[in-house]
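Visitor: Sending over data-v2.cif (mmCIF, C-alpha atoms).
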data_upload
#
loop_
_atom_site.label_atom_id
_atom_site.label_comp_id
_atom_site.auth_asym_id
_atom_site.auth_seq_id
_atom_site.Cartn_x
_atom_site.Cartn_y
_atom_site.Cartn_z
CA MET A 28 22.94 -9.63 14.18
CA ASN A 29 21.29 -9.78 10.79
CA VAL A 30 18.04 -7.79 10.54
CA LEU A 31 15.26 -7.74 7.97
CA LEU A 32 13.25 -4.52 7.59
CA ILE A 33 9.98 -4.76 5.69
CA GLY A 34 8.71 -1.82 3.69
CA SER A 35 9.55 0.53 0.84
CA GLY A 36 8.64 4.08 1.84
CA GLY A 37 10.12 7.14 3.46
CA ARG A 38 9.40 5.71 6.90
CA GLU A 39 11.45 2.63 6.06
CA HIS A 40 14.28 4.76 4.66
CA ALA A 41 14.40 6.61 7.99
CA LEU A 42 14.26 3.33 9.91
CA ALA A 43 17.01 1.80 7.76
CA LEU A 44 19.28 4.81 8.17
CA THR A 45 18.86 4.79 11.95
CA LEU A 46 19.16 1.01 12.33
CA SER A 47 22.34 1.06 10.24
CA LYS A 48 24.06 3.07 12.98
CA SER A 49 23.56 0.38 15.65
CA PRO A 50 26.66 -1.45 16.90
CA LEU A 51 24.42 -4.52 17.29
CA LEU A 52 23.85 -4.72 13.53
CA ASP A 53 25.87 -7.02 11.29
CA LYS A 54 23.82 -6.78 8.09
CA LEU A 55 20.56 -5.08 7.20
CA PHE A 56 18.25 -6.48 4.53
CA VAL A 57 15.19 -4.54 3.36
CA ALA A 58 12.25 -6.02 1.45
CA PRO A 59 11.61 -4.49 -0.98
CA GLY A 60 13.29 -1.20 -0.10
CA ASN A 61 13.85 1.66 -2.56
CA PRO A 62 16.77 3.39 -4.32
CA GLY A 63 17.57 5.53 -1.29
CA ILE A 64 17.62 2.54 1.02
CA ALA A 65 19.82 0.62 -1.44
CA ALA A 66 22.69 2.97 -0.57
CA ILE A 67 22.77 1.77 3.05
CA ALA A 68 21.28 -1.76 3.03
CA GLU A 69 20.74 -4.76 0.78
CA CYS A 70 17.35 -4.54 -0.90
CA VAL A 71 15.82 -7.95 -1.60
CA VAL A 72 12.81 -9.31 -3.45
CA VAL A 73 10.63 -11.26 -1.01
CA ASP A 74 6.85 -11.52 -1.20
CA THR A 75 6.04 -10.13 2.24
CA ALA A 76 2.42 -11.28 1.89
CA ASP A 77 3.77 -14.86 1.71
CA HIS A 78 4.70 -15.45 5.33
CA ALA A 79 6.30 -18.80 4.60
CA ALA A 80 8.57 -17.09 2.07
CA VAL A 81 9.59 -14.46 4.62
CA ILE A 82 10.40 -17.17 7.18
CA ALA A 83 12.39 -19.16 4.61
CA PHE A 84 14.39 -16.05 3.69
CA CYS A 85 15.13 -15.35 7.34
CA ARG A 86 16.43 -18.86 7.85
CA LEU A 87 18.51 -18.74 4.67
CA MET A 88 20.18 -15.44 5.61
CA LYS A 89 20.39 -16.19 9.36
CA ILE A 90 18.17 -13.24 10.23
CA GLU A 91 17.47 -12.98 13.94
CA PHE A 92 15.15 -9.99 14.00
CA VAL A 93 12.47 -8.59 11.68
CA VAL A 94 11.25 -4.98 11.85
CA ILE A 95 7.90 -4.40 10.14
CA GLY A 96 7.29 -0.90 8.82
CA PRO A 97 3.80 -0.75 7.26
CA GLU A 98 0.49 -1.71 8.81
CA ALA A 99 -0.84 -4.30 6.35
CA PRO A 100 1.63 -7.10 7.29
CA LEU A 101 0.87 -6.50 10.97
CA VAL A 102 -2.89 -6.76 10.49
CA ALA A 103 -2.25 -9.90 8.39
CA GLY A 104 -0.46 -11.57 11.33
CA LEU A 105 3.14 -11.64 10.08
CA VAL A 106 4.47 -11.15 13.61
CA ASP A 107 2.48 -14.16 14.84
CA ASP A 108 3.92 -16.40 12.12
CA LEU A 109 7.48 -15.18 12.59
CA GLU A 110 7.36 -15.73 16.35
CA ALA A 111 5.82 -19.17 15.86
CA ALA A 112 8.88 -19.95 13.70
CA GLY A 113 11.22 -18.77 16.48
CA ILE A 114 12.13 -15.44 14.87
CA ASP A 115 11.84 -12.26 16.94
CA ALA A 116 9.84 -9.47 15.32
CA PHE A 117 9.03 -5.85 16.12
CA GLY A 118 5.33 -5.10 15.91
CA PRO A 119 2.02 -6.18 17.39
CA SER A 120 0.28 -9.49 16.83
CA ARG A 121 -2.70 -9.79 14.51
CA ALA A 122 -5.06 -9.47 17.50
CA ALA A 123 -3.27 -6.42 18.88
CA ALA A 124 -3.00 -4.77 15.45
CA GLN A 125 -6.79 -4.45 15.47
CA LEU A 126 -6.09 -1.12 17.16
CA GLU A 127 -5.30 0.11 13.65
CA GLY A 128 -7.08 -2.50 11.59
CA SER A 129 -10.51 -1.61 12.98
CA LYS A 130 -11.47 1.87 14.11
CA GLY A 131 -14.62 0.42 15.64
CA PHE A 132 -12.55 -1.98 17.76
CA THR A 133 -10.52 0.94 19.08
CA LYS A 134 -13.59 3.05 19.84
CA ASP A 135 -15.14 0.18 21.78
CA LEU A 136 -11.91 -0.31 23.74
CA ALA A 137 -11.83 3.39 24.58
CA ARG A 138 -15.44 3.21 25.77
CA ASP A 139 -14.81 0.14 27.92
CA PHE A 140 -11.60 1.42 29.55
CA ASN A 141 -12.51 5.09 30.02
CA ILE A 142 -10.06 6.41 27.46
CA PRO A 143 -11.10 9.94 26.43
CA THR A 144 -12.33 10.04 22.84
CA ALA A 145 -15.18 11.43 20.74
CA ALA A 146 -18.71 10.00 21.00
CA TYR A 147 -19.41 7.67 18.09
CA GLY A 148 -21.58 5.14 16.32
CA ARG A 149 -20.70 2.02 14.27
CA PHE A 150 -22.64 1.06 11.14
CA THR A 151 -22.65 -1.74 8.59
CA ASP A 152 -25.49 -0.38 6.45
CA LYS A 153 -26.12 2.96 4.79
CA ALA A 154 -29.63 3.53 6.10
CA SER A 155 -28.60 3.32 9.75
CA ALA A 156 -25.62 5.59 9.16
CA LEU A 157 -27.76 8.21 7.42
CA ALA A 158 -30.33 8.03 10.23
CA TYR A 159 -27.54 8.69 12.75
CA LEU A 160 -26.40 11.70 10.72
CA ALA A 161 -29.94 13.07 10.80
CA ARG A 162 -29.68 13.15 14.60
CA HIS A 163 -26.08 14.43 14.68
CA PRO A 164 -25.54 17.48 12.47
CA ALA A 165 -22.20 18.54 11.02
CA PRO A 166 -19.40 19.13 11.63
CA ILE A 167 -18.87 15.41 12.05
CA VAL A 168 -16.26 12.81 11.08
CA VAL A 169 -16.99 9.78 8.89
CA LYS A 170 -14.40 6.97 8.76
CA ALA A 171 -13.97 3.70 6.92
CA ASP A 172 -13.45 1.11 9.64
CA GLY A 173 -10.50 -0.70 8.06
CA LEU A 174 -7.13 0.13 6.53
CA ALA A 175 -7.38 2.82 3.86
CA ALA A 176 -3.79 4.11 3.58
CA GLY A 177 -4.59 7.17 5.68
CA LYS A 178 -7.29 8.34 3.26
CA GLY A 179 -10.47 6.78 4.68
CA VAL A 180 -11.36 9.69 6.96
CA ILE A 181 -13.71 12.47 5.87
CA VAL A 182 -14.09 15.51 8.12
CA ALA A 183 -17.52 16.72 7.00
CA MET A 184 -18.17 20.38 7.64
CA SER A 185 -21.72 20.25 6.23
CA ASP A 186 -24.60 17.76 6.46
CA ALA A 187 -24.47 17.24 2.70
CA GLU A 188 -20.77 16.43 2.85
CA ALA A 189 -21.40 13.94 5.68
CA ARG A 190 -24.13 12.17 3.70
CA GLN A 191 -21.88 12.07 0.64
CA ALA A 192 -19.10 10.54 2.73
CA VAL A 193 -21.40 7.72 3.80
CA GLU A 194 -22.48 7.19 0.19
CA THR A 195 -18.86 7.17 -1.00
CA ILE A 196 -17.61 4.68 1.58
CA PHE A 197 -20.52 2.25 1.20
CA SER A 198 -20.21 2.48 -2.59
CA GLY A 199 -16.89 0.66 -2.30
CA ALA A 200 -14.42 3.54 -2.65
CA PHE A 201 -12.20 1.96 0.01
CA GLY A 202 -12.96 -1.67 -0.75
CA GLN A 203 -13.34 -4.02 2.18
CA ALA A 204 -12.05 -1.29 4.51
CA GLY A 205 -15.41 0.42 4.05
CA ALA A 206 -17.63 -2.56 4.83
CA GLU A 207 -18.25 -0.86 8.17
CA ILE A 208 -18.02 2.82 9.04
CA VAL A 209 -17.54 4.79 12.23
CA ILE A 210 -19.18 8.18 12.65
CA GLU A 211 -17.88 10.31 15.48
CA ASP A 212 -18.23 13.78 16.91
CA PHE A 213 -15.98 16.51 15.57
CA LEU A 214 -13.29 17.42 18.09
CA GLU A 215 -11.88 20.92 18.41
CA GLY A 216 -8.32 21.69 19.43
CA GLU A 217 -4.80 21.09 18.15
CA GLU A 218 -3.79 17.76 16.66
CA ALA A 219 -0.61 15.97 17.64
CA SER A 220 1.00 12.61 16.95
CA PHE A 221 2.39 10.81 19.97
CA PHE A 222 4.43 7.60 19.98
CA ALA A 223 5.11 5.13 22.78
CA LEU A 224 7.22 1.97 22.73
CA CYS A 225 5.47 -1.04 24.26
CA ASP A 226 6.74 -4.43 25.43
CA GLY A 227 3.42 -6.07 26.25
CA ASP A 228 3.29 -4.91 29.86
CA ARG A 229 4.93 -1.50 29.94
CA ALA A 230 4.95 1.56 27.72
CA LEU A 231 7.71 4.13 27.35
CA ALA A 232 7.14 7.60 25.89
CA PHE A 233 9.09 7.92 22.64
CA ALA A 234 8.52 11.16 20.71
CA SER A 235 5.93 13.57 19.34
CA ALA A 236 5.29 15.23 16.00
CA GLN A 237 2.67 17.21 14.15
CA ASP A 238 1.50 16.12 10.72
CA HIS A 239 -0.21 18.00 7.88
CA LYS A 240 -2.86 15.72 6.40
CA ARG A 241 -4.56 17.94 3.82
CA VAL A 242 -3.06 18.10 0.37
CA GLY A 243 -3.13 21.87 -0.05
CA ASP A 244 -1.71 24.97 1.60
CA GLY A 245 -3.82 26.31 4.42
CA ASP A 246 -5.03 22.78 5.23
CA THR A 247 -7.27 22.65 2.16
CA GLY A 248 -8.25 19.79 -0.12
CA PRO A 249 -8.63 16.08 0.59
CA ASN A 250 -6.85 14.13 3.30
CA THR A 251 -3.63 12.37 2.34
CA GLY A 252 -1.17 10.05 4.00
CA GLY A 253 0.59 13.21 5.20
CA MET A 254 2.20 16.14 3.35
CA GLY A 255 4.79 17.05 5.97
CA ALA A 256 5.56 17.00 9.67
CA TYR A 257 7.80 18.42 12.35
CA SER A 258 9.11 17.21 15.68
CA PRO A 259 8.81 17.82 18.56
CA ALA A 260 5.21 19.01 18.77
CA PRO A 261 5.31 22.14 20.97
CA ILE A 262 1.93 21.31 22.50
CA MET A 263 3.32 18.03 23.88
CA THR A 264 4.92 19.53 26.97
CA PRO A 265 6.24 17.22 29.70
CA GLU A 266 2.98 17.74 31.56
CA MET A 267 0.84 16.89 28.53
CA THR A 268 3.01 13.86 27.80
CA GLU A 269 2.39 12.60 31.35
CA ARG A 270 -1.35 13.04 30.88
CA VAL A 271 -1.34 11.18 27.56
CA MET A 272 0.60 8.29 29.08
CA ALA A 273 -1.67 8.11 32.13
CA GLU A 274 -5.03 8.73 30.44
CA ILE A 275 -4.59 7.08 27.04
CA ILE A 276 -1.52 4.86 26.58
CA GLU A 277 -1.46 2.99 29.90
CA PRO A 278 -5.24 2.28 29.97
CA THR A 279 -4.90 0.96 26.42
CA MET A 280 -2.14 -1.41 27.49
CA ARG A 281 -4.31 -2.64 30.37
CA GLY A 282 -7.33 -2.98 28.12
CA MET A 283 -5.46 -4.97 25.50
CA ASN A 284 -4.09 -7.30 28.17
CA ALA A 285 -7.58 -7.78 29.54
CA ARG A 286 -8.72 -8.78 26.05
CA GLY A 287 -5.89 -11.27 25.65
CA ALA A 288 -4.09 -9.18 23.03
CA ARG A 289 -0.88 -7.94 24.68
CA TYR A 290 0.47 -5.01 22.72
CA LYS A 291 4.13 -5.04 21.69
CA GLY A 292 5.64 -2.60 19.24
CA VAL A 293 5.13 1.11 18.77
CA LEU A 294 1.75 2.61 19.60
CA PHE A 295 0.98 5.72 17.58
CA ALA A 296 -1.77 7.83 19.11
CA GLY A 297 -3.38 10.50 16.98
CA LEU A 298 -4.51 13.09 19.51
CA MET A 299 -6.69 16.16 19.71
CA ILE A 300 -5.54 18.49 22.48
CA GLY A 301 -8.51 20.62 23.55
CA ARG A 302 -9.39 22.83 26.46
CA ASP A 303 -10.13 19.83 28.66
CA GLY A 304 -6.97 17.92 27.73
CA PRO A 305 -6.05 15.15 25.32
CA LYS A 306 -8.53 12.96 23.48
CA LEU A 307 -7.80 9.98 21.26
CA ILE A 308 -8.64 10.38 17.57
CA GLU A 309 -7.28 6.99 16.52
CA PHE A 310 -4.42 4.55 17.00
CA ASN A 311 -1.92 3.27 14.50
CA ALA A 312 0.04 0.10 15.15
CA ARG A 313 3.31 1.25 13.56
CA PHE A 314 5.57 4.24 13.17
CA GLY A 315 3.95 7.13 11.35
CA ASP A 316 4.80 8.37 7.89
CA PRO A 317 6.04 11.13 7.61
CA GLU A 318 6.44 11.50 11.39
CA THR A 319 9.23 8.90 11.52
CA GLN A 320 11.30 11.04 9.16
CA VAL A 321 11.40 13.85 11.74
CA MET A 322 11.53 11.80 14.96
CA LEU A 323 14.36 9.40 14.19
CA PRO A 324 16.91 12.08 13.21
CA ARG A 325 16.49 13.36 16.79
CA LEU A 326 17.04 9.97 18.46
CA GLU A 327 20.26 9.67 20.48
CA ASP A 328 19.70 6.08 21.68
CA ASP A 329 20.33 2.84 19.78
CA LEU A 330 17.10 2.24 17.87
CA LEU A 331 17.82 -1.44 17.27
CA ALA A 332 18.35 -2.03 21.00
CA LEU A 333 15.04 -0.31 21.80
CA LEU A 334 13.08 -2.30 19.20
CA LEU A 335 14.62 -5.56 20.42
CA ALA A 336 13.64 -4.68 23.98
CA CYS A 337 10.03 -4.21 22.85
CA ALA A 338 10.01 -7.60 21.15
CA LYS A 339 11.62 -9.39 24.07
CA GLY A 340 9.47 -7.73 26.73
CA ASN A 341 12.23 -5.92 28.60
CA LEU A 342 12.01 -2.21 27.82
CA PRO A 343 14.30 -0.02 29.93
CA VAL A 344 12.71 2.10 32.59
CA GLY A 345 13.58 5.09 30.43
CA PRO A 346 13.61 7.76 29.33
CA VAL A 347 14.29 7.71 25.60
CA HIS A 348 16.98 10.28 24.79
CA LEU A 349 16.16 12.78 22.04
CA SER A 350 18.23 15.75 20.95
CA GLN A 351 16.94 19.28 21.40
CA THR A 352 17.15 19.67 17.63
CA SER A 353 13.97 20.41 15.70
CA ALA A 354 13.26 18.49 12.50
CA LEU A 355 10.80 19.28 9.71
CA THR A 356 10.04 17.29 6.58
CA VAL A 357 8.28 18.41 3.40
CA VAL A 358 6.65 15.74 1.26
CA HIS A 359 7.42 16.11 -2.43
CA ALA A 360 4.47 14.40 -4.09
CA ALA A 361 3.65 13.44 -7.66
CA ARG A 362 1.17 15.57 -9.57
CA GLY A 363 -2.31 14.12 -9.23
CA TYR A 364 -1.78 12.87 -5.68
CA PRO A 365 -3.78 11.73 -3.75
CA GLU A 366 -6.37 10.74 -6.38
CA ALA A 367 -4.26 9.63 -9.35
CA PRO A 368 -0.53 10.31 -8.96
CA GLU A 369 1.44 10.47 -12.19
CA LYS A 370 4.34 8.00 -12.33
CA GLY A 371 7.48 7.86 -14.42
CA SER A 372 8.71 11.48 -14.40
CA ILE A 373 12.48 11.90 -13.96
CA ILE A 374 13.94 13.34 -10.75
CA LYS A 375 17.35 15.06 -10.77
CA ASP A 376 19.73 16.90 -8.44
CA ILE A 377 18.82 15.19 -5.16
CA GLU A 378 22.53 15.23 -4.35
CA LYS A 379 22.47 19.05 -4.45
CA ALA A 380 19.76 19.08 -1.80
CA GLU A 381 21.58 16.53 0.35
CA ALA A 382 24.78 18.61 0.21
CA LEU A 383 23.16 21.37 2.28
CA GLU A 384 23.90 21.47 6.00
CA GLY A 385 21.27 19.78 8.16
CA VAL A 386 19.38 18.15 5.29
CA ILE A 387 18.35 14.51 4.72
CA VAL A 388 16.36 13.38 1.69
CA PHE A 389 14.35 10.23 2.26
CA HIS A 390 13.08 8.26 -0.73
CA ALA A 391 9.42 7.34 -0.41
CA GLY A 392 8.16 6.44 -3.89
CA THR A 393 11.08 6.23 -6.30
CA LYS A 394 12.62 3.60 -8.56
CA ARG A 395 15.49 3.28 -11.00
CA VAL A 396 14.84 2.99 -14.72
CA GLY A 397 18.25 2.55 -16.27
CA ALA A 398 20.36 5.45 -15.05
CA ASP A 399 17.32 7.58 -14.21
CA LEU A 400 15.58 8.03 -10.89
CA VAL A 401 11.83 8.28 -11.51
CA ALA A 402 8.65 8.83 -9.53
CA ASN A 403 6.90 5.59 -8.61
CA GLY A 404 4.24 6.58 -6.12
CA GLY A 405 2.16 9.37 -4.66
CA ARG A 406 4.47 10.65 -1.96
CA VAL A 407 7.84 10.42 -3.68
CA LEU A 408 10.45 12.24 -1.55
CA ASN A 409 10.59 13.49 2.03
CA VAL A 410 12.98 16.44 2.32
CA THR A 411 13.95 16.85 5.97
CA GLY A 412 15.70 19.81 7.56
CA LEU A 413 17.28 19.90 11.01
CA GLY A 414 17.85 23.04 13.06
CA ARG A 415 17.91 24.67 16.44
CA THR A 416 14.29 25.76 15.93
CA VAL A 417 11.39 24.68 13.76
CA THR A 418 11.91 27.84 11.71
CA GLU A 419 15.55 26.98 11.00
CA ALA A 420 14.65 23.38 10.16
CA ARG A 421 11.88 24.62 7.88
CA ASN A 422 14.15 27.05 6.06
CA ARG A 423 16.67 24.29 5.41
CA ALA A 424 14.04 21.86 4.13
CA TYR A 425 12.58 24.40 1.71
CA ALA A 426 16.02 25.54 0.54
CA ALA A 427 16.83 21.91 -0.22
CA ILE A 428 13.60 21.05 -2.00
CA ALA A 429 14.07 24.09 -4.27
CA LEU A 430 17.30 22.52 -5.58
CA ILE A 431 15.60 19.29 -6.72
CA ASP A 432 14.84 19.25 -10.44
CA TRP A 433 11.51 17.44 -10.77
CA GLN A 434 8.90 18.84 -13.10
CA GLY A 435 6.35 16.21 -12.12
CA GLY A 436 6.18 17.07 -8.44
CA PHE A 437 4.49 19.49 -6.06
CA TYR A 438 4.60 20.24 -2.34
CA ARG A 439 2.90 22.33 0.28
CA ARG A 440 4.69 25.58 1.04
CA ASP A 441 3.37 26.06 4.57
CA ILE A 442 4.59 23.00 6.47
CA GLY A 443 5.31 23.97 10.07
CA TRP A 444 3.27 27.17 9.90
CA ARG A 445 1.85 26.71 13.38
CA ALA A 446 5.14 26.13 15.20
CA ALA A 447 7.19 28.50 13.02
CA ASN A 448 4.83 31.36 13.84
CA GLU A 449 4.86 30.80 17.58
#
What's the structure tokens form of this structure?

Guide:
Amino acid sequence: MNVLLIGSGGREHALALTLSKSPLLDKLFVAPGNPGIAAIAECVVVDTADHAAVIAFCRLMKIEFVVIGPEAPLVAGLVDDLEAAGIDAFGPSRAAAQLEGSKGFTKDLARDFNIPTAAYGRFTDKASALAYLARHPAPIVVKADGLAAGKGVIVAMSDAEARQAVETIFSGAFGQAGAEIVIEDFLEGEEASFFALCDGDRALAFASAQDHKRVGDGDTGPNTGGMGAYSPAPIMTPEMTERVMAEIIEPTMRGMNARGARYKGVLFAGLMIGRDGPKLIEFNARFGDPETQVMLPRLEDDLLALLLACAKGNLPVGPVHLSQTSALTVVHAARGYPEAPEKGSIIKDIEKAEALEGVIVFHAGTKRVGADLVANGGRVLNVTGLGRTVTEARNRAYAAIALIDWQGGFYRRDIGWRAANE
């Protein structure tokens, strides 16, 4: 079958590489893709915000299935329009994508269906939010309600920082995403990313990872879209996975059905694992980035078959088969990220990194200018190492990234510190 993948980042490069291995695939198109993806698929120019244009392209190229990588097209209802046109698509409907599109929606769902999460308040005006902070001292978490590219969350360790976060969000720093804010209790424990495949009625555990959100070594500096990750997350034991499925994922599926918003696609649960078990931090309605770049290299099943089963409502009973290999990715970001990444600097010698055993380099924010590969985003490359242990995977990733000649980039040097030291 012909498949269209939507997106341009490292997540989509990992998806494209894995989809390309499926015996079900005839041809893979990616809109818009990137230079790394162009080596394994046909990159096309389609305005993915123009749903009619996407549908017309699918009909022209006889595309039977569309896989949507990023969150914005999901929240905008692309799946709804594709399915109305008779084209199968992987991802939740507009109504179901509210799980990512509105943090307040998710918190209310958790409250109504007894899903463990932090206590919270929702606010549409600054005065009420500041009054709530006066009654709830730091540490506390302040979030823009809507989509903010992973950057709309401020973990305030002081009352002054919490007040400043409210001021910043309501001042328009995140645009319409900050028209409403959620303030919630600070949770203690170990964070983990957990992914389940969903077909509207059933959910199947997929994989786990641990991300590094802060820009600097030692988890310092502002939050980013993610500076690195590894998989599996050691804290997600079989017993913990069972608890997460029973206490968080399955009640969410029931709750969404009860609200008339059946959830199909991948459900990404950001978790805090504390002394009393798992609690939900937030949901995302798509594969994570950079988590996908460490989960998919471990997948032994046919990804295309699994995604089709989600869309068609007939997931296998399971389980998903993952290798015992560990994977770790280091994000090579442009100087100035996350505030003002510098674009246009030339990147060389990626092929030297890729020549190392157990290494994959995913393009995340690159473009071609003549014969040169240049930086064209904040998170530019994802250098992934595979190994028998997290330590071996980490060593391979850092050995590879050291071979890349890019004067305009930087990266954290402590990705995987928690697992590598255990």

Visitor: Counting all atoms listed in the file, which of A:Glu69, A:Glu318, A:Asp74, A:Glu91 gets nearest to Lys240 (chain A)?

Guide: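 Nearest candidate to Lys240 (chain A) out of A:Glu69, A:Glu318, A:Asp74, A:Glu91: A:Glu318.
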
Visitor: Have a look at CA of Gly412 (chain A) and CA of Asp329 (chain A) and let me know their distance in Å, one decimal.

Guide: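 Interatomic distance here is 21.4 Å.
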
Visitor: Given the PyMOL selection byres ((chain A and resi 259-264) around 9) and the file above, list the residues it selects as a ChimeraX atom specification.

Guide: /A:217-221,234-237,257-258,265-269,300,321-322,351-354,417,446

Visitor: Quick one: of A:Cys85, A:Leu408, A:Gly248, A:Leu331, who's nearest to Ser47 (chain A), counting only C-alpha atoms?

Guide: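 Checking each candidate against Ser47 (chain A), we get A:Leu331 as the closest.
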
Visitor: Quick one: residues within 12 Å of Asn61 (chain A), all atoms listed in the file, excluding same-chain residues fewer than 5 positions away - as a compact mmCIF listing (two decimals) with C-alpha atoms, keeping the file's coordinate frame?

Guide:
# COMPACT_ATOMS: atom_id res chain seq x y z
CA LEU A 32 13.25 -4.52 7.59
CA ILE A 33 9.98 -4.76 5.69
CA GLY A 34 8.71 -1.82 3.69
CA SER A 35 9.55 0.53 0.84
CA GLY A 36 8.64 4.08 1.84
CA GLY A 37 10.12 7.14 3.46
CA ARG A 38 9.40 5.71 6.90
CA GLU A 39 11.45 2.63 6.06
CA HIS A 40 14.28 4.76 4.66
CA ALA A 41 14.40 6.61 7.99
CA ALA A 43 17.01 1.80 7.76
CA PHE A 56 18.25 -6.48 4.53
CA ALA A 66 22.69 2.97 -0.57
CA ILE A 67 22.77 1.77 3.05
CA ALA A 68 21.28 -1.76 3.03
CA GLU A 69 20.74 -4.76 0.78
CA CYS A 70 17.35 -4.54 -0.90
CA VAL A 71 15.82 -7.95 -1.60
CA VAL A 72 12.81 -9.31 -3.45
CA PHE A 389 14.35 10.23 2.26
CA HIS A 390 13.08 8.26 -0.73
CA ALA A 391 9.42 7.34 -0.41
CA GLY A 392 8.16 6.44 -3.89
CA THR A 393 11.08 6.23 -6.30
CA LYS A 394 12.62 3.60 -8.56
CA ARG A 395 15.49 3.28 -11.00
CA LEU A 400 15.58 8.03 -10.89
CA VAL A 401 11.83 8.28 -11.51
CA ALA A 402 8.65 8.83 -9.53
CA ASN A 403 6.90 5.59 -8.61
CA GLY A 404 4.24 6.58 -6.12
CA VAL A 407 7.84 10.42 -3.68
CA LEU A 408 10.45 12.24 -1.55

Visitor: Out of A:Asn311, A:Thr247, A:Thr144, A:Gln320, which residue has the shortest atom-to-atom distance to Glu127 (chain A) when counting only C-alpha atoms?

Guide: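 Using only C-alpha atoms, the shortest distance to Glu127 (chain A) belongs to A:Asn311.
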
Visitor: Around the point (-15.3, 20.2, 18.0) in the file's coordinates, collect all residues with an atom within 9 Å, using only C-alpha atoms, and return them as an MDAnalysis selection string.

Guide: chainID A and resid 166:167 212:216 301

Visitor: For the provided coordinates, the residues matched by the PyMOL selection byres ((chain A and resi 90) around 9) should be stated as a list in words.

Guide: Met28, Asn29, Val30, Leu31, Lys54, Phe56, Phe84, Cys85, Arg86, Leu87, Met88, Lys89, Glu91, Phe92, Val93 and Ile114 of chain A

Visitor: Have a look at A:Asp244, A:Asp432, A:Ala124, A:Asn409 and name the one nearest to Gly63 (chain A); count all atoms listed in the file.

Guide: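 For Gly63 (chain A), the nearest of the given residues is A:Asn409.
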
Visitor: Give me the residues near Phe310 (chain A) as a PDB file with C-alpha atoms, in the coordinates of the input, where near means some atom within 9 Å (using only C-alpha atoms) and where sequence neighbours in that chain fewer than 3 positions away do not count.

Guide:
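Output contents, as saved in result.pdb:
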ATOM      1  CA  LEU A 126      -6.090  -1.120  17.160  1.00  0.00           C
ATOM      2  CA  GLU A 127      -5.300   0.110  13.650  1.00  0.00           C
ATOM      3  CA  LYS A 130     -11.470   1.870  14.110  1.00  0.00           C
ATOM      4  CA  THR A 133     -10.520   0.940  19.080  1.00  0.00           C
ATOM      5  CA  LEU A 294       1.750   2.610  19.600  1.00  0.00           C
ATOM      6  CA  PHE A 295       0.980   5.720  17.580  1.00  0.00           C
ATOM      7  CA  ALA A 296      -1.770   7.830  19.110  1.00  0.00           C
ATOM      8  CA  GLY A 297      -3.380  10.500  16.980  1.00  0.00           C
ATOM      9  CA  LEU A 298      -4.510  13.090  19.510  1.00  0.00           C
ATOM     10  CA  LEU A 307      -7.800   9.980  21.260  1.00  0.00           C
TER      11      LEU A 307
END

Visitor: Using all atoms listed in the file, which residue out of A:Pro97, A:Pro343, A:Gly173, A:Gly397 lies closest to Ser129 (chain A)?

Guide: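 Under the stated criterion, the closest residue is A:Gly173.
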